[in-house]
Protein chains: 2
Amino acid sequence: MIKIVEVGARDGLQNEKSILSTDDKFQFISLLCDAGLRAIEVTSFVKAPAIPQMADSVELYTKVKNELGDRGVAFPCLVPNMKGYETAKNLGVKEIALFTATSDSFTKKNINASVDESFDRMKEVADAAKRDGMLVRGYVSTAFGCPYEGTMDVKKLISVTKRLFELGVYEVSVGDTIGVATPMQVRSYIRALKSEFPIGKIAMHLHDTRGMAPTNIFVSLEEGITTFDSSAGGLGGCPYAKGATGNVATEDVWYLLNSQGLETGIDIKKLSEASQFILGRVNRQTESKFLRAYLNTGKV
Amino acid sequence: MIKIVEVGARDGLQNEKSILSTDDKFQFISLLCDAGLRAIEVTSFVKAPAIPQMADSVELYTKVKNELGDRGVAFPCLVPNMKGYETAKNLGVKEIALFTATSDSFTKKNINASVDESFDRMKEVADAAKRDGMLVRGYVSTAFGCPYEGTMDVKKLISVTKRLFELGVYEVSVGDTIGVATPMQVRSYIRALKSEFPIGKIAMHLHDTRGMAPTNIFVSLEEGITTFDSSAGGLGGCPYAKGATGNVATEDVWYLLNSQGLETGIDIKKLSEASQFILGRVNRQTESKFLRAYLNTGKV
């Protein structure tokens, strides 16, 4: 069984221009539950002006909790600081995600902090979460390459991953934020990670900016990775390359895994319905070639 | 060194709606030569009404021979029958390609012949080519799956490949005509081929209809394949799934090979210029995510 962490509602929508209503977002998450996804990132508790798409995070999470709370689905939320943490805690959020990167230039532009400073912020939140019995997941952005610093040394990834585990995260999601990872690099970086940490605690968060995500997932599977982040329909773009693809589509991940005989619990027909719904709402076509062929032919 | 057989000018344009001038086609082939391609399929000697895009095959080949004949590039042409062969011979074509498939339903719809009957036609041509000292390449369509018959048994591929080698072809190009091949299937079919034929005489002709071509190429490389067919910019669609991707883009093949440290002799900047030229002429965007990112960022 391979675990898929569906990030379309947060990471995906965050990179879409159209601001959706809370009802549309809720409907999307509800359809994702119907499709068999068992880990769905809901929202991010950031200050409203920072990311307009996340302005209704309290309303959205409340509705998800009230109406989908009994579906056996994990609904993690991104938390950037103690203010966000307090909001999450008050809403009864059970799992939060913290994020940093391997590149100082990247964290400075994104969260106005160096990588070290991001750890100061995260430590406060992680300590509180531990005290409150909340699950914490960690994201490492720019693990393979950074839009400002280029190729990132694997030593930085090892170091940041280690510090995240020291904070008490149960899993580290390794992000190819700008979609520059190559199969050879993925294999080599995972091997380095495996030599330091249990492979079952490492997830891969791949972008398909250069069409390499399926191959990188193939290599990740060969190296023993069993958790992948992805976005229904490939929702979300790449903010660092105009018009380019961002998150790998959950359908693409499913197609590869299914072809390898690996179970995900996903109903591809229902997943494609969730994707069609949300792509219609943000008014664009999917970048997933598999999804397009599937919708064209009605066959896998 | 990996050999790329560029099929954009024939297989690609054949599946594009816009009928181009001979000058545009020639200009495309000339730019492909500049980009370092060393095997460029030029045209198909079919009856003119059958494939309107190929109506100028004699004029195009003549121009290519006269103006690019000294560039050290192989310019194979597709030949469907003796009439086409005579045309090719009279023009001084040095290499021809013959085509069949593993599926009777497919050959019947495409060339109005069963697979067996296609071998009757091909034998006549192959014998003449042998007599005339012309190189012959063989194509097997629907090697993995057929739009009418579904998944194709590997035994059919082995049988058709064997018969092609018996005709005297120097290489067999194994085609995933509708882009349904999965990595596991590719690995297993190549292993079956390897047990019967020298791997160096097998080429892979993959379509990216479901985004799986790069992964299938990755697996093919692991299994020892050293020749790939592809189409600059991903020119050509898939006639069996409206709006879907056909031939894998040469740029995608280059990107994967380059990331694996494998040489192709291709200058990616010049190749992207050839693709931009021809995509502009057929008035569409590339389906290659790598090419889009490369054109956006100006960086590999």
# chains A, B, ... in the order shown; residues from 1 in each chain; ligands from 1

$ interface_residues --of "chain B" --to "chain A" --cutoff "7 Å" --atoms "only C-alpha atoms" --output "list in words"
Thr182, Met184, Thr209, Arg210, Gly211, Pro214, Thr215, Ala241, Lys242, Ala244, Ser259, Gln260, Lys289, Phe290, Arg292, Ala293, Asn296 and Thr297 of chain B

$ write_last_selection --atoms "C-alpha atoms" --output "PDB file, in the first residue's frame"
ATOM      1  CA  THR B 182       3.703   0.870 -18.810  1.00  0.00           C
ATOM      2  CA  MET B 184       6.606  -2.965 -16.158  1.00  0.00           C
ATOM      3  CA  THR B 209      -0.072   9.961 -24.551  1.00  0.00           C
ATOM      4  CA  ARG B 210      -0.244   9.160 -20.846  1.00  0.00           C
ATOM      5  CA  GLY B 211       2.936  10.928 -19.745  1.00  0.00           C
ATOM      6  CA  PRO B 214      10.190   9.278 -20.124  1.00  0.00           C
ATOM      7  CA  THR B 215       9.753   6.496 -17.551  1.00  0.00           C
ATOM      8  CA  ALA B 241      -7.421   9.970 -28.670  1.00  0.00           C
ATOM      9  CA  LYS B 242      -8.532  13.442 -29.660  1.00  0.00           C
ATOM     10  CA  ALA B 244      -3.911  13.748 -26.803  1.00  0.00           C
ATOM     11  CA  SER B 259      20.491  13.930 -16.955  1.00  0.00           C
ATOM     12  CA  GLN B 260      21.828  10.363 -17.085  1.00  0.00           C
ATOM     13  CA  LYS B 289       6.800  20.139 -20.291  1.00  0.00           C
ATOM     14  CA  PHE B 290      10.577  20.231 -20.391  1.00  0.00           C
ATOM     15  CA  ARG B 292       8.080  24.746 -22.092  1.00  0.00           C
ATOM     16  CA  ALA B 293      10.169  25.135 -18.939  1.00  0.00           C
ATOM     17  CA  ASN B 296      10.425  29.934 -20.079  1.00  0.00           C
ATOM     18  CA  THR B 297      13.622  29.903 -18.097  1.00  0.00           C
TER      19      THR B 297
END

$ residues_around --residues "stretch 128-143 of chain A" --least-positions-apart "2" --cutoff "8 Å" --atoms "only C-alpha atoms" --output "PyMOL selection string"
chain A and resi 93-103+106+124-126+145-146+152+154+156-157+160-161+164+168-178

$ closest_residue --among "B:Lys3, B:Arg38, B:His207, B:Lys299" --to "B:Arg71" --atoms "only C-alpha atoms"
B:Arg38

$ atom_distance --atom1 "atom CA of A:Lys201" --atom2 "atom CA of A:Phe45"
24.6 Å

$ residues_around --residues "B:Val46" --least-positions-apart "3" --cutoff "9 Å" --atoms "only C-alpha atoms" --output "mmCIF file with N, CA and C atoms, in the first residue's frame"
data_model
loop_
_atom_site.group_PDB
_atom_site.id
_atom_site.type_symbol
_atom_site.label_atom_id
_atom_site.label_comp_id
_atom_site.auth_asym_id
_atom_site.auth_seq_id
_atom_site.Cartn_x
_atom_site.Cartn_y
_atom_site.Cartn_z
ATOM 1 N N PRO B 49 -3.272 11.205 -52.389
ATOM 2 C CA PRO B 49 -4.508 11.495 -51.669
ATOM 3 C C PRO B 49 -4.585 10.823 -50.281
ATOM 4 N N ALA B 50 -3.811 9.737 -50.095
ATOM 5 C CA ALA B 50 -3.900 8.990 -48.839
ATOM 6 C C ALA B 50 -3.496 9.866 -47.642
ATOM 7 N N ILE B 51 -2.366 10.541 -47.757
ATOM 8 C CA ILE B 51 -1.874 11.404 -46.677
ATOM 9 C C ILE B 51 -1.445 12.722 -47.313
ATOM 10 N N MET B 54 1.970 14.346 -47.218
ATOM 11 C CA MET B 54 3.110 13.705 -47.890
ATOM 12 C C MET B 54 3.061 13.879 -49.419
ATOM 13 N N ALA B 55 2.144 14.723 -49.894
ATOM 14 C CA ALA B 55 1.944 14.871 -51.348
ATOM 15 C C ALA B 55 3.188 15.385 -52.069
ATOM 16 N N SER B 57 6.329 14.560 -51.413
ATOM 17 C CA SER B 57 7.473 13.752 -50.969
ATOM 18 C C SER B 57 8.629 13.774 -51.969
ATOM 19 N N LEU B 78 9.732 6.461 -45.554
ATOM 20 C CA LEU B 78 8.797 5.352 -45.431
ATOM 21 C C LEU B 78 8.341 4.915 -46.821
ATOM 22 N N VAL B 79 8.250 3.604 -47.008
ATOM 23 C CA VAL B 79 7.837 3.042 -48.297
ATOM 24 C C VAL B 79 6.764 1.982 -48.041
ATOM 25 N N PRO B 80 5.536 2.203 -48.537
ATOM 26 C CA PRO B 80 4.463 1.263 -48.222
ATOM 27 C C PRO B 80 4.338 0.109 -49.221
ATOM 28 N N ASN B 81 4.912 0.263 -50.422
ATOM 29 C CA ASN B 81 4.701 -0.756 -51.452
ATOM 30 C C ASN B 81 5.727 -0.569 -52.581
ATOM 31 N N LYS B 83 5.404 0.512 -55.577
ATOM 32 C CA LYS B 83 5.322 1.785 -56.289
ATOM 33 C C LYS B 83 6.142 2.857 -55.541
ATOM 34 N N GLY B 84 5.955 2.900 -54.241
ATOM 35 C CA GLY B 84 6.720 3.825 -53.408
ATOM 36 C C GLY B 84 8.208 3.491 -53.460
#

$ calpha_fit_and_write --fixed "chain A" --moving "chain B" --output "CSV table (one decimal) with C-alpha atoms, in the first residue's frame"
chain,number,residue,atom,x,y,z
B,1,MET,CA,0.0,0.0,0.0
B,2,ILE,CA,1.4,3.4,-1.1
B,3,LYS,CA,0.2,6.5,0.8
B,4,ILE,CA,-0.8,9.5,-1.2
B,5,VAL,CA,-0.9,12.9,0.6
B,6,GLU,CA,-3.3,15.0,-1.5
B,7,VAL,CA,-2.1,18.6,-1.4
B,8,GLY,CA,-4.3,20.1,-4.1
B,9,ALA,CA,-6.6,22.0,-1.7
B,10,ARG,CA,-3.7,23.8,-0.1
B,11,ASP,CA,-0.5,23.7,-2.1
B,12,GLY,CA,-2.4,23.5,-5.4
B,13,LEU,CA,-5.0,26.2,-4.8
B,14,GLN,CA,-2.4,28.5,-3.3
B,15,ASN,CA,-0.8,28.7,-6.7
B,16,GLU,CA,-4.0,29.3,-8.6
B,17,LYS,CA,-5.1,32.8,-9.5
B,18,SER,CA,-8.9,32.3,-9.1
B,19,ILE,CA,-10.0,32.8,-5.5
B,20,LEU,CA,-12.6,30.1,-4.7
B,21,SER,CA,-15.5,30.2,-2.3
B,22,THR,CA,-15.3,28.1,0.9
B,23,ASP,CA,-18.2,26.0,-0.5
B,24,ASP,CA,-16.2,25.1,-3.7
B,25,LYS,CA,-13.1,24.2,-1.6
B,26,PHE,CA,-15.2,22.1,0.7
B,27,GLN,CA,-16.9,20.4,-2.2
B,28,PHE,CA,-13.5,19.6,-3.7
B,29,ILE,CA,-12.3,18.1,-0.4
B,30,SER,CA,-15.5,16.1,0.0
B,31,LEU,CA,-15.1,14.6,-3.6
B,32,LEU,CA,-11.5,13.8,-2.7
B,33,CYS,CA,-12.7,11.8,0.3
B,34,ASP,CA,-15.2,10.0,-1.9
B,35,ALA,CA,-12.3,9.1,-4.2
B,36,GLY,CA,-10.6,7.3,-1.4
B,37,LEU,CA,-7.8,9.8,-0.5
B,38,ARG,CA,-7.0,9.2,3.2
B,39,ALA,CA,-4.7,12.2,3.8
B,40,ILE,CA,-5.9,15.6,2.5
B,41,GLU,CA,-4.2,18.8,3.3
B,42,VAL,CA,-7.0,21.3,3.9
B,43,THR,CA,-5.5,24.8,4.3
B,44,SER,CA,-2.9,27.0,5.7
B,45,PHE,CA,-3.3,29.2,8.8
B,46,VAL,CA,-1.4,32.2,7.5
B,47,LYS,CA,-2.3,35.8,7.9
B,48,ALA,CA,-5.1,36.5,5.5
B,49,PRO,CA,-3.4,39.1,3.2
B,50,ALA,CA,-0.3,37.0,2.7
B,51,ILE,CA,-2.1,34.3,0.7
B,52,PRO,CA,-5.7,35.4,-0.3
B,53,GLN,CA,-6.7,31.9,-1.3
B,54,MET,CA,-6.2,30.9,2.4
B,55,ALA,CA,-8.3,33.7,3.9
B,56,ASP,CA,-11.2,31.4,4.8
B,57,SER,CA,-9.0,28.8,6.5
B,58,VAL,CA,-11.0,28.8,9.7
B,59,GLU,CA,-14.4,28.5,8.0
B,60,LEU,CA,-13.1,25.8,5.7
B,61,TYR,CA,-11.5,23.7,8.3
B,62,THR,CA,-14.5,24.0,10.6
B,63,LYS,CA,-16.8,22.8,7.8
B,64,VAL,CA,-14.5,20.0,6.9
B,65,LYS,CA,-14.2,18.9,10.5
B,66,ASN,CA,-18.0,19.1,11.1
B,67,GLU,CA,-19.1,17.4,7.9
B,68,LEU,CA,-16.2,15.1,7.0
B,69,GLY,CA,-14.7,14.5,10.4
B,70,ASP,CA,-16.0,11.0,10.7
B,71,ARG,CA,-14.6,9.7,7.3
B,72,GLY,CA,-11.4,8.4,8.7
B,73,VAL,CA,-9.4,10.9,6.7
B,74,ALA,CA,-6.4,12.9,8.0
B,75,PHE,CA,-6.8,16.6,7.4
B,76,PRO,CA,-3.4,18.2,8.1
B,77,CYS,CA,-3.1,22.0,7.9
B,78,LEU,CA,0.0,24.1,7.3
B,79,VAL,CA,1.1,26.3,10.3
B,80,PRO,CA,3.7,29.0,9.7
B,81,ASN,CA,4.0,30.3,13.3
B,82,MET,CA,2.6,30.3,16.8
B,83,LYS,CA,-0.3,32.5,15.8
B,84,GLY,CA,-1.3,29.9,13.2
B,85,TYR,CA,-0.7,27.2,15.7
B,86,GLU,CA,-3.1,28.7,18.2
B,87,THR,CA,-5.8,29.0,15.6
B,88,ALA,CA,-5.2,25.3,14.6
B,89,LYS,CA,-5.3,24.2,18.2
B,90,ASN,CA,-8.5,26.1,18.9
B,91,LEU,CA,-10.2,24.5,15.9
B,92,GLY,CA,-9.2,21.0,17.1
B,93,VAL,CA,-6.7,20.3,14.2
B,94,LYS,CA,-5.1,16.9,14.8
B,95,GLU,CA,-2.2,17.2,12.4
B,96,ILE,CA,-0.1,20.2,11.4
B,97,ALA,CA,2.7,20.6,8.8
B,98,LEU,CA,5.7,22.8,9.2
B,99,PHE,CA,7.9,24.0,6.4
B,100,THR,CA,11.4,25.1,5.7
B,101,ALA,CA,13.9,24.7,2.8
B,102,THR,CA,17.5,23.9,2.2
B,103,SER,CA,18.1,27.3,0.7
B,104,ASP,CA,18.5,30.5,2.7
B,105,SER,CA,17.7,32.6,-0.4
B,106,PHE,CA,14.4,30.7,-0.8
B,107,THR,CA,13.2,30.9,2.8
B,108,LYS,CA,14.2,34.6,2.9
B,109,LYS,CA,12.0,35.4,-0.1
B,110,ASN,CA,9.2,33.2,1.1
B,111,ILE,CA,9.0,33.6,4.8
B,112,ASN,CA,11.4,36.4,5.4
B,113,ALA,CA,13.7,34.2,7.5
B,114,SER,CA,17.0,32.3,7.0
B,115,VAL,CA,16.8,28.5,7.3
B,116,ASP,CA,18.1,28.7,10.9
B,117,GLU,CA,15.5,31.3,11.8
B,118,SER,CA,12.8,29.1,10.3
B,119,PHE,CA,13.9,26.4,12.8
B,120,ASP,CA,13.6,28.9,15.6
B,121,ARG,CA,9.9,29.5,14.6
B,122,MET,CA,9.3,25.8,14.0
B,123,LYS,CA,10.7,24.7,17.3
B,124,GLU,CA,8.3,26.8,19.3
B,125,VAL,CA,5.4,25.4,17.3
B,126,ALA,CA,6.7,21.8,17.4
B,127,ASP,CA,7.2,22.0,21.2
B,128,ALA,CA,3.7,23.2,21.6
B,129,ALA,CA,2.3,20.5,19.3
B,130,LYS,CA,4.2,17.8,21.3
B,131,ARG,CA,2.7,19.1,24.5
B,132,ASP,CA,-0.7,19.2,23.0
B,133,GLY,CA,-0.4,15.7,21.4
B,134,MET,CA,-0.7,16.9,17.9
B,135,LEU,CA,1.0,15.1,14.9
B,136,VAL,CA,3.6,17.1,13.0
B,137,ARG,CA,4.8,16.7,9.5
B,138,GLY,CA,7.8,18.5,8.0
B,139,TYR,CA,8.3,19.9,4.5
B,140,VAL,CA,11.7,20.6,3.0
B,141,SER,CA,11.4,22.8,0.0
B,142,THR,CA,14.2,23.2,-2.7
B,143,ALA,CA,15.6,19.8,-1.7
B,144,PHE,CA,17.1,19.3,-5.2
B,145,GLY,CA,17.4,22.8,-6.6
B,146,CYS,CA,16.5,26.4,-5.8
B,147,PRO,CA,15.3,29.1,-8.2
B,148,TYR,CA,18.0,31.4,-6.7
B,149,GLU,CA,20.8,29.1,-5.7
B,150,GLY,CA,20.7,26.4,-8.4
B,151,THR,CA,21.4,22.8,-7.6
B,152,MET,CA,21.3,22.1,-3.8
B,153,ASP,CA,23.9,19.9,-2.1
B,154,VAL,CA,22.5,16.7,-0.6
B,155,LYS,CA,24.3,17.6,2.6
B,156,LYS,CA,21.9,20.5,3.1
B,157,LEU,CA,19.0,18.1,2.7
B,158,ILE,CA,20.4,15.7,5.2
B,159,SER,CA,21.1,18.4,7.7
B,160,VAL,CA,17.6,20.0,7.4
B,161,THR,CA,15.9,16.6,7.5
B,162,LYS,CA,17.8,15.7,10.7
B,163,ARG,CA,16.8,19.0,12.4
B,164,LEU,CA,13.2,18.4,11.4
B,165,PHE,CA,13.2,14.9,13.0
B,166,GLU,CA,14.9,16.4,16.1
B,167,LEU,CA,11.8,18.7,16.3
B,168,GLY,CA,9.7,15.6,16.5
B,169,VAL,CA,8.1,15.4,13.1
B,170,TYR,CA,6.8,11.9,12.2
B,171,GLU,CA,7.6,12.3,8.5
B,172,VAL,CA,9.7,14.6,6.3
B,173,SER,CA,8.3,15.4,2.8
B,174,VAL,CA,11.2,16.1,0.5
B,175,GLY,CA,10.2,18.7,-2.1
B,176,ASP,CA,11.4,19.3,-5.6
B,177,THR,CA,9.8,22.7,-5.5
B,178,ILE,CA,10.8,23.8,-9.0
B,179,GLY,CA,10.7,20.5,-10.7
B,180,VAL,CA,14.4,20.2,-11.5
B,181,ALA,CA,15.2,16.8,-9.9
B,182,THR,CA,16.5,14.2,-12.3
B,183,PRO,CA,16.2,10.4,-11.7
B,184,MET,CA,19.9,10.0,-11.0
B,185,GLN,CA,19.8,12.8,-8.5
B,186,VAL,CA,16.6,11.4,-6.9
B,187,ARG,CA,18.2,8.0,-6.5
B,188,SER,CA,21.4,9.4,-5.1
B,189,TYR,CA,19.6,11.8,-2.6
B,190,ILE,CA,17.3,9.1,-1.4
B,191,ARG,CA,20.2,6.7,-0.9
B,192,ALA,CA,21.9,9.4,1.2
B,193,LEU,CA,18.6,9.9,3.2
B,194,LYS,CA,18.3,6.1,3.7
B,195,SER,CA,21.7,5.9,5.2
B,196,GLU,CA,20.7,8.4,7.9
B,197,PHE,CA,16.9,7.9,8.5
B,198,PRO,CA,14.3,5.2,8.2
B,199,ILE,CA,13.0,5.2,4.7
B,200,GLY,CA,9.4,4.9,5.9
B,201,LYS,CA,9.6,8.3,7.4
B,202,ILE,CA,10.6,10.0,4.1
B,203,ALA,CA,7.9,11.2,1.6
B,204,MET,CA,8.6,12.6,-1.9
B,205,HIS,CA,6.9,15.8,-3.0
B,206,LEU,CA,7.6,16.0,-6.7
B,207,HIS,CA,6.8,18.6,-9.3
B,208,ASP,CA,6.3,17.8,-12.9
B,209,THR,CA,7.7,21.1,-14.3
B,210,ARG,CA,9.9,19.2,-16.7
B,211,GLY,CA,7.8,16.1,-17.2
B,212,MET,CA,10.2,14.1,-15.0
B,213,ALA,CA,7.9,13.4,-11.9
B,214,PRO,CA,6.7,10.0,-13.0
B,215,THR,CA,10.2,8.8,-13.7
B,216,ASN,CA,11.4,10.3,-10.3
B,217,ILE,CA,8.5,8.5,-8.6
B,218,PHE,CA,9.5,5.3,-10.4
B,219,VAL,CA,13.1,5.6,-9.0
B,220,SER,CA,11.7,6.6,-5.6
B,221,LEU,CA,9.7,3.4,-5.5
B,222,GLU,CA,12.8,1.3,-6.5
B,223,GLU,CA,14.6,2.9,-3.5
B,224,GLY,CA,11.8,2.0,-1.1
B,225,ILE,CA,9.8,5.3,-0.8
B,226,THR,CA,6.1,4.5,0.1
B,227,THR,CA,4.6,8.0,0.5
B,228,PHE,CA,4.1,10.6,-2.2
B,229,ASP,CA,2.5,14.1,-2.1
B,230,SER,CA,0.5,15.1,-5.2
B,231,SER,CA,-2.3,17.3,-6.3
B,232,ALA,CA,-5.6,16.2,-8.0
B,233,GLY,CA,-5.5,17.2,-11.7
B,234,GLY,CA,-2.1,18.7,-11.2
B,235,LEU,CA,-3.8,21.7,-9.5
B,236,GLY,CA,-1.4,24.6,-9.0
B,237,GLY,CA,1.3,26.0,-11.2
B,238,CYS,CA,5.0,26.7,-10.7
B,239,PRO,CA,5.4,30.3,-9.4
B,240,TYR,CA,9.1,30.3,-10.6
B,241,ALA,CA,8.4,29.5,-14.3
B,242,LYS,CA,5.4,31.2,-15.8
B,243,GLY,CA,2.8,28.8,-17.4
B,244,ALA,CA,4.8,25.8,-16.2
B,245,THR,CA,3.5,22.7,-14.4
B,246,GLY,CA,3.8,22.5,-10.6
B,247,ASN,CA,2.7,19.6,-8.4
B,248,VAL,CA,2.6,16.2,-10.1
B,249,ALA,CA,-1.0,15.2,-10.6
B,250,THR,CA,-2.5,12.6,-8.3
B,251,GLU,CA,-3.8,10.9,-11.4
B,252,ASP,CA,-0.3,10.5,-12.8
B,253,VAL,CA,0.9,9.0,-9.5
B,254,TRP,CA,-2.0,6.7,-9.5
B,255,TYR,CA,-1.5,5.6,-13.1
B,256,LEU,CA,2.2,4.7,-12.5
B,257,LEU,CA,1.5,3.0,-9.2
B,258,ASN,CA,-1.5,1.1,-10.6
B,259,SER,CA,0.6,-0.1,-13.6
B,260,GLN,CA,3.2,-1.4,-11.0
B,261,GLY,CA,0.4,-3.3,-9.2
B,262,LEU,CA,0.7,-1.0,-6.2
B,263,GLU,CA,-2.5,-0.2,-4.2
B,264,THR,CA,-3.5,3.3,-3.2
B,265,GLY,CA,-7.1,2.9,-2.2
B,266,ILE,CA,-8.0,5.5,-4.9
B,267,ASP,CA,-11.0,5.2,-7.2
B,268,ILE,CA,-9.6,6.8,-10.4
B,269,LYS,CA,-13.1,7.6,-11.8
B,270,LYS,CA,-14.1,9.5,-8.7
B,271,LEU,CA,-10.7,11.2,-8.4
B,272,SER,CA,-11.1,12.4,-12.0
B,273,GLU,CA,-14.5,13.8,-11.1
B,274,ALA,CA,-12.9,15.7,-8.2
B,275,SER,CA,-10.3,17.1,-10.5
B,276,GLN,CA,-12.8,18.1,-13.2
B,277,PHE,CA,-14.8,19.9,-10.6
B,278,ILE,CA,-12.0,21.9,-9.2
B,279,LEU,CA,-10.3,22.6,-12.6
B,280,GLY,CA,-13.6,23.9,-13.8
B,281,ARG,CA,-13.8,26.3,-10.8
B,282,VAL,CA,-10.2,27.6,-11.5
B,283,ASN,CA,-11.0,27.6,-15.2
B,284,ARG,CA,-8.2,25.7,-16.6
B,285,GLN,CA,-7.3,22.4,-18.3
B,286,THR,CA,-5.3,19.7,-16.5
B,287,GLU,CA,-1.6,19.4,-17.4
B,288,SER,CA,-1.8,15.6,-16.7
B,289,LYS,CA,-1.5,13.8,-20.0
B,290,PHE,CA,-2.9,10.6,-18.4
B,291,LEU,CA,-5.9,12.4,-17.1
B,292,ARG,CA,-6.6,14.0,-20.5
B,293,ALA,CA,-6.3,10.6,-22.2
B,294,TYR,CA,-8.5,9.0,-19.5
B,295,LEU,CA,-11.2,11.6,-20.0
B,296,ASN,CA,-10.9,11.3,-23.8
B,297,THR,CA,-11.1,7.5,-23.9
B,298,GLY,CA,-13.0,6.7,-20.7
B,299,LYS,CA,-10.4,4.0,-20.2
B,300,VAL,CA,-7.2,3.6,-18.1

$ select_by_dssp --residues "stretch 59-285 of chain A" --states "strand (DSSP E or B)" --output "JSON, numbers by chain"
{"A": [74, 77, 78, 95, 96, 97, 98, 99, 100, 101, 135, 136, 137, 138, 139, 140, 141, 145, 146, 150, 151, 171, 172, 173, 174, 175, 202, 203, 204, 205, 207, 227, 228, 229, 230, 231, 237, 245, 247, 249]}

$ decode --residues "stretch 89-103 of chain B" --atoms "N, CA and C atoms" --output "mmCIF file, in the first residue's frame"
data_model
loop_
_atom_site.group_PDB
_atom_site.id
_atom_site.type_symbol
_atom_site.label_atom_id
_atom_site.label_comp_id
_atom_site.auth_asym_id
_atom_site.auth_seq_id
_atom_site.Cartn_x
_atom_site.Cartn_y
_atom_site.Cartn_z
ATOM 1 N N LYS B 89 13.788 4.594 -55.056
ATOM 2 C CA LYS B 89 14.996 4.138 -55.771
ATOM 3 C C LYS B 89 15.422 5.167 -56.823
ATOM 4 N N ASN B 90 14.448 5.638 -57.589
ATOM 5 C CA ASN B 90 14.761 6.614 -58.639
ATOM 6 C C ASN B 90 15.310 7.926 -58.082
ATOM 7 N N LEU B 91 14.922 8.244 -56.855
ATOM 8 C CA LEU B 91 15.405 9.480 -56.232
ATOM 9 C C LEU B 91 16.777 9.302 -55.584
ATOM 10 N N GLY B 92 17.232 8.050 -55.498
ATOM 11 C CA GLY B 92 18.518 7.792 -54.859
ATOM 12 C C GLY B 92 18.443 7.701 -53.340
ATOM 13 N N VAL B 93 17.258 7.351 -52.817
ATOM 14 C CA VAL B 93 17.106 7.162 -51.368
ATOM 15 C C VAL B 93 18.008 6.008 -50.927
ATOM 16 N N LYS B 94 18.733 6.215 -49.821
ATOM 17 C CA LYS B 94 19.689 5.193 -49.375
ATOM 18 C C LYS B 94 19.127 4.284 -48.297
ATOM 19 N N GLU B 95 18.072 4.786 -47.590
ATOM 20 C CA GLU B 95 17.491 3.966 -46.520
ATOM 21 C C GLU B 95 15.980 4.114 -46.546
ATOM 22 N N ILE B 96 15.303 2.978 -46.477
ATOM 23 C CA ILE B 96 13.838 3.015 -46.417
ATOM 24 C C ILE B 96 13.349 2.378 -45.119
ATOM 25 N N ALA B 97 12.116 2.691 -44.762
ATOM 26 C CA ALA B 97 11.496 2.062 -43.601
ATOM 27 C C ALA B 97 10.216 1.372 -44.047
ATOM 28 N N LEU B 98 10.028 0.163 -43.534
ATOM 29 C CA LEU B 98 8.811 -0.613 -43.807
ATOM 30 C C LEU B 98 8.004 -0.679 -42.520
ATOM 31 N N PHE B 99 6.700 -0.792 -42.649
ATOM 32 C CA PHE B 99 5.914 -0.832 -41.413
ATOM 33 C C PHE B 99 4.815 -1.873 -41.436
ATOM 34 N N THR B 100 4.647 -2.464 -40.244
ATOM 35 C CA THR B 100 3.539 -3.372 -40.004
ATOM 36 C C THR B 100 3.137 -3.197 -38.543
ATOM 37 N N ALA B 101 2.339 -4.119 -38.035
ATOM 38 C CA ALA B 101 1.884 -4.014 -36.648
ATOM 39 C C ALA B 101 1.689 -5.418 -36.098
ATOM 40 N N THR B 102 1.381 -5.501 -34.815
ATOM 41 C CA THR B 102 1.115 -6.824 -34.229
ATOM 42 C C THR B 102 -0.370 -7.150 -34.289
ATOM 43 N N SER B 103 -1.184 -6.158 -34.682
ATOM 44 C CA SER B 103 -2.635 -6.332 -34.639
ATOM 45 C C SER B 103 -3.237 -6.300 -36.041
#
